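To keep things clear, I will list the structure first and then write my remarks on it.
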Amino acid sequence: MDTQNERHSFLDTCEHLMLRLSRMLVSGALIALAVMTILIALQVISRNFMNIGLPWADELARLTGLIVVFFTIPHLQFQGRHISVDLLSSRFKGKAAVVLRCINELAVLVFMILLVVSFMGYLLQAGHFSTPASGMPNWVFYGPAFIGIISCTLGTALRLIIFCSGRRMSGASARIQDTTSTGESRV
């Protein structure tokens, strides 16, 4: 029995750490969104009122766009609030729903692992090239996307372990609607 309590304690700790990581990434995404807004406003003002182009600002706005997208994905995925199409799983209850949920989580995890491996291959080949306007290395420019993908992979792996062990998400992530017990789907 102690091993089961230790396992639950370990999973609770991992879940807590993943929630903290995903919240930190969302905070970074909010800051990036504010910076992106300022950069875009700066570009509009400089082009329309001073006839000056700022290619570096456009490049940094794209970088902040990457940060916004890829830093919010792990939080949405881990909370079970990412875009999903539910045609079948909401119709099952009990053991069948748990099995289907685990298959879905495993499919997402396999996709995420393939994405990480592909991204690493890309960065190894093109990471030393620089962006045209600011001369930023590609590994820095695409670094936020890689961080987001790795974080999402970790969150998906943790979700898979939690759901396949028959547990529900605990703590702050308990807001996830558990379709395995209610049979309801969220819109």
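Letters A, B, ... mark the chains of the structure tokens in the order given; residue numbers begin at 1 per chain; ligand numbers begin at 1, in order shown.
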Contacts of range 125-138 of chain A at 8 Å or less, counting only C-alpha atoms, minus same-chain residues fewer than 3 places along, as a ChimeraX atom specification? /A:55-56,59,121-122,141-143
Contact check, range 117-160 of chain A to range 78-86 of chain A, at most 7 Å, counting only C-alpha atoms, closest pairs as CSV:
```
residue,atom,partner,partner_atom,distance
A:Gly155,CA,A:Phe78,CA,5.3
A:Thr156,CA,A:Phe78,CA,6.4
A:Arg159,CA,A:Phe78,CA,6.8
```
Could you write those residues out with N, CA, C and O atoms, as a tab-separated table (two decimals), in the first residue's frame?
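And here is the file that came out, result.tsv:
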```
chain	number	residue	atom	x	y	z
A	155	GLY	N	3.65	17.32	-20.53
A	155	GLY	CA	2.30	17.38	-20.01
A	155	GLY	C	1.43	16.25	-20.54
A	155	GLY	O	0.63	15.66	-19.80
A	156	THR	N	1.58	15.93	-21.82
A	156	THR	CA	0.81	14.84	-22.41
A	156	THR	C	1.22	13.50	-21.81
A	156	THR	O	0.35	12.66	-21.52
A	159	ARG	N	-0.38	13.34	-18.40
A	159	ARG	CA	-1.82	13.06	-18.53
A	159	ARG	C	-2.05	11.59	-18.83
A	159	ARG	O	-2.94	10.97	-18.25
```
Quick one: pick out all alpha helix (DSSP H) residues within chain A from a backbone DSSP run and write them as a VMD selection string. chain A and resid 2 to 50 55 to 78 95 to 126 138 to 141 143 to 164 179 to 182
Got time to write the residues from that selection, C-alpha atoms, as a tab-separated table (two decimals), in the first residue's frame?
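The file below, out.tsv, is the result:
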```tsv
chain	number	residue	atom	x	y	z
A	2	ASP	CA	2.90	2.34	0.69
A	3	THR	CA	4.08	1.98	-2.90
A	4	GLN	CA	0.69	3.09	-4.19
A	5	ASN	CA	0.69	6.11	-1.86
A	6	GLU	CA	4.23	6.97	-2.94
A	7	ARG	CA	3.18	6.67	-6.58
A	8	HIS	CA	0.19	8.95	-6.03
A	9	SER	CA	2.39	11.40	-4.13
A	10	PHE	CA	4.93	11.36	-6.98
A	11	LEU	CA	2.17	11.92	-9.57
A	12	ASP	CA	0.71	14.74	-7.46
A	13	THR	CA	4.16	16.36	-7.31
A	14	CYS	CA	4.65	15.97	-11.08
A	15	GLU	CA	1.19	17.38	-11.72
A	16	HIS	CA	1.91	20.36	-9.46
A	17	LEU	CA	5.23	21.02	-11.21
A	18	MET	CA	3.60	20.76	-14.65
A	19	LEU	CA	0.90	23.21	-13.61
A	20	ARG	CA	3.53	25.66	-12.36
A	21	LEU	CA	5.55	25.29	-15.58
A	22	SER	CA	2.50	25.78	-17.77
A	23	ARG	CA	1.42	28.85	-15.78
A	24	MET	CA	4.92	30.34	-16.08
A	25	LEU	CA	4.79	29.79	-19.84
A	26	VAL	CA	1.36	31.44	-20.04
A	27	SER	CA	2.74	34.42	-18.08
A	28	GLY	CA	5.59	34.63	-20.60
A	29	ALA	CA	3.04	34.46	-23.42
A	30	LEU	CA	1.09	37.37	-21.92
A	31	ILE	CA	4.25	39.46	-21.70
A	32	ALA	CA	5.08	38.52	-25.31
A	33	LEU	CA	1.58	39.55	-26.36
A	34	ALA	CA	2.07	42.98	-24.79
A	35	VAL	CA	5.47	43.34	-26.49
A	36	MET	CA	3.97	42.25	-29.81
A	37	THR	CA	1.26	44.88	-29.51
A	38	ILE	CA	3.84	47.59	-28.84
A	39	LEU	CA	6.03	46.43	-31.74
A	40	ILE	CA	3.14	46.40	-34.18
A	41	ALA	CA	1.99	49.84	-33.04
A	42	LEU	CA	5.56	51.10	-33.41
A	43	GLN	CA	5.71	49.72	-36.95
A	44	VAL	CA	2.41	51.34	-37.94
A	45	ILE	CA	3.44	54.70	-36.50
A	46	SER	CA	6.92	54.62	-38.06
A	47	ARG	CA	5.61	53.65	-41.51
A	48	ASN	CA	2.60	55.93	-41.64
A	49	PHE	CA	3.93	59.02	-39.91
A	50	MET	CA	7.69	58.92	-40.46
A	55	PRO	CA	12.34	45.27	-40.34
A	56	TRP	CA	13.76	44.30	-36.96
A	57	ALA	CA	10.44	45.16	-35.30
A	58	ASP	CA	8.57	42.95	-37.76
A	59	GLU	CA	10.94	40.08	-37.01
A	60	LEU	CA	10.60	40.54	-33.26
A	61	ALA	CA	6.81	40.69	-33.63
A	62	ARG	CA	6.95	37.30	-35.37
A	63	LEU	CA	9.12	35.96	-32.55
A	64	THR	CA	6.62	37.16	-29.95
A	65	GLY	CA	3.86	35.51	-32.01
A	66	LEU	CA	5.72	32.21	-31.77
A	67	ILE	CA	6.07	32.71	-28.03
A	68	VAL	CA	2.35	33.44	-27.60
A	69	VAL	CA	1.29	30.34	-29.53
A	70	PHE	CA	3.81	27.81	-28.29
A	71	PHE	CA	3.83	28.95	-24.65
A	72	THR	CA	0.04	28.60	-24.33
A	73	ILE	CA	-0.26	25.17	-25.96
A	74	PRO	CA	1.21	23.19	-23.00
A	75	HIS	CA	-1.24	24.80	-20.57
A	76	LEU	CA	-4.24	24.15	-22.80
A	77	GLN	CA	-3.17	20.57	-23.51
A	78	PHE	CA	-2.46	19.73	-19.87
A	95	LYS	CA	-13.71	1.11	-18.37
A	96	ALA	CA	-14.33	1.65	-22.08
A	97	ALA	CA	-14.08	5.42	-21.63
A	98	VAL	CA	-10.81	5.06	-19.70
A	99	VAL	CA	-9.33	2.82	-22.41
A	100	LEU	CA	-10.41	5.19	-25.18
A	101	ARG	CA	-9.04	8.18	-23.30
A	102	CYS	CA	-5.69	6.41	-22.81
A	103	ILE	CA	-5.56	5.55	-26.54
A	104	ASN	CA	-6.25	9.20	-27.39
A	105	GLU	CA	-3.57	10.45	-24.98
A	106	LEU	CA	-1.09	7.89	-26.36
A	107	ALA	CA	-1.79	9.03	-29.93
A	108	VAL	CA	-1.16	12.66	-28.94
A	109	LEU	CA	2.03	11.65	-27.11
A	110	VAL	CA	3.34	9.77	-30.16
A	111	PHE	CA	2.62	12.82	-32.32
A	112	MET	CA	4.39	15.09	-29.82
A	113	ILE	CA	7.46	12.83	-29.72
A	114	LEU	CA	7.62	12.81	-33.53
A	115	LEU	CA	7.32	16.60	-33.49
A	116	VAL	CA	10.18	16.94	-30.97
A	117	VAL	CA	12.43	14.63	-33.01
A	118	SER	CA	11.61	16.45	-36.26
A	119	PHE	CA	12.16	19.85	-34.67
A	120	MET	CA	15.53	18.73	-33.29
A	121	GLY	CA	16.53	17.58	-36.78
A	122	TYR	CA	15.54	20.94	-38.22
A	123	LEU	CA	17.41	22.91	-35.56
A	124	LEU	CA	20.52	20.78	-36.00
A	125	GLN	CA	20.56	21.58	-39.72
A	126	ALA	CA	19.31	25.16	-39.79
A	138	ASN	CA	17.43	30.31	-35.92
A	139	TRP	CA	17.92	28.24	-32.76
A	140	VAL	CA	17.11	31.38	-30.72
A	141	PHE	CA	14.21	32.38	-32.98
A	143	GLY	CA	13.70	28.19	-29.28
A	144	PRO	CA	10.35	29.23	-27.77
A	145	ALA	CA	8.53	26.84	-30.11
A	146	PHE	CA	10.87	24.02	-29.09
A	147	ILE	CA	10.36	24.82	-25.38
A	148	GLY	CA	6.59	24.80	-25.88
A	149	ILE	CA	6.65	21.50	-27.77
A	150	ILE	CA	8.82	19.82	-25.13
A	151	SER	CA	6.57	21.16	-22.34
A	152	CYS	CA	3.48	19.94	-24.16
A	153	THR	CA	5.10	16.52	-24.60
A	154	LEU	CA	5.84	16.30	-20.88
A	155	GLY	CA	2.30	17.38	-20.01
A	156	THR	CA	0.81	14.84	-22.41
A	157	ALA	CA	2.98	12.06	-20.97
A	158	LEU	CA	1.85	12.99	-17.46
A	159	ARG	CA	-1.82	13.06	-18.53
A	160	LEU	CA	-1.39	9.62	-20.07
A	161	ILE	CA	0.11	8.22	-16.87
A	162	ILE	CA	-2.58	9.81	-14.70
A	163	PHE	CA	-5.53	8.69	-16.81
A	164	CYS	CA	-4.22	5.18	-17.45
A	179	THR	CA	-15.65	12.42	-19.51
A	180	THR	CA	-14.79	8.98	-18.17
A	181	SER	CA	-17.16	9.31	-15.23
A	182	THR	CA	-19.81	11.72	-16.46
```
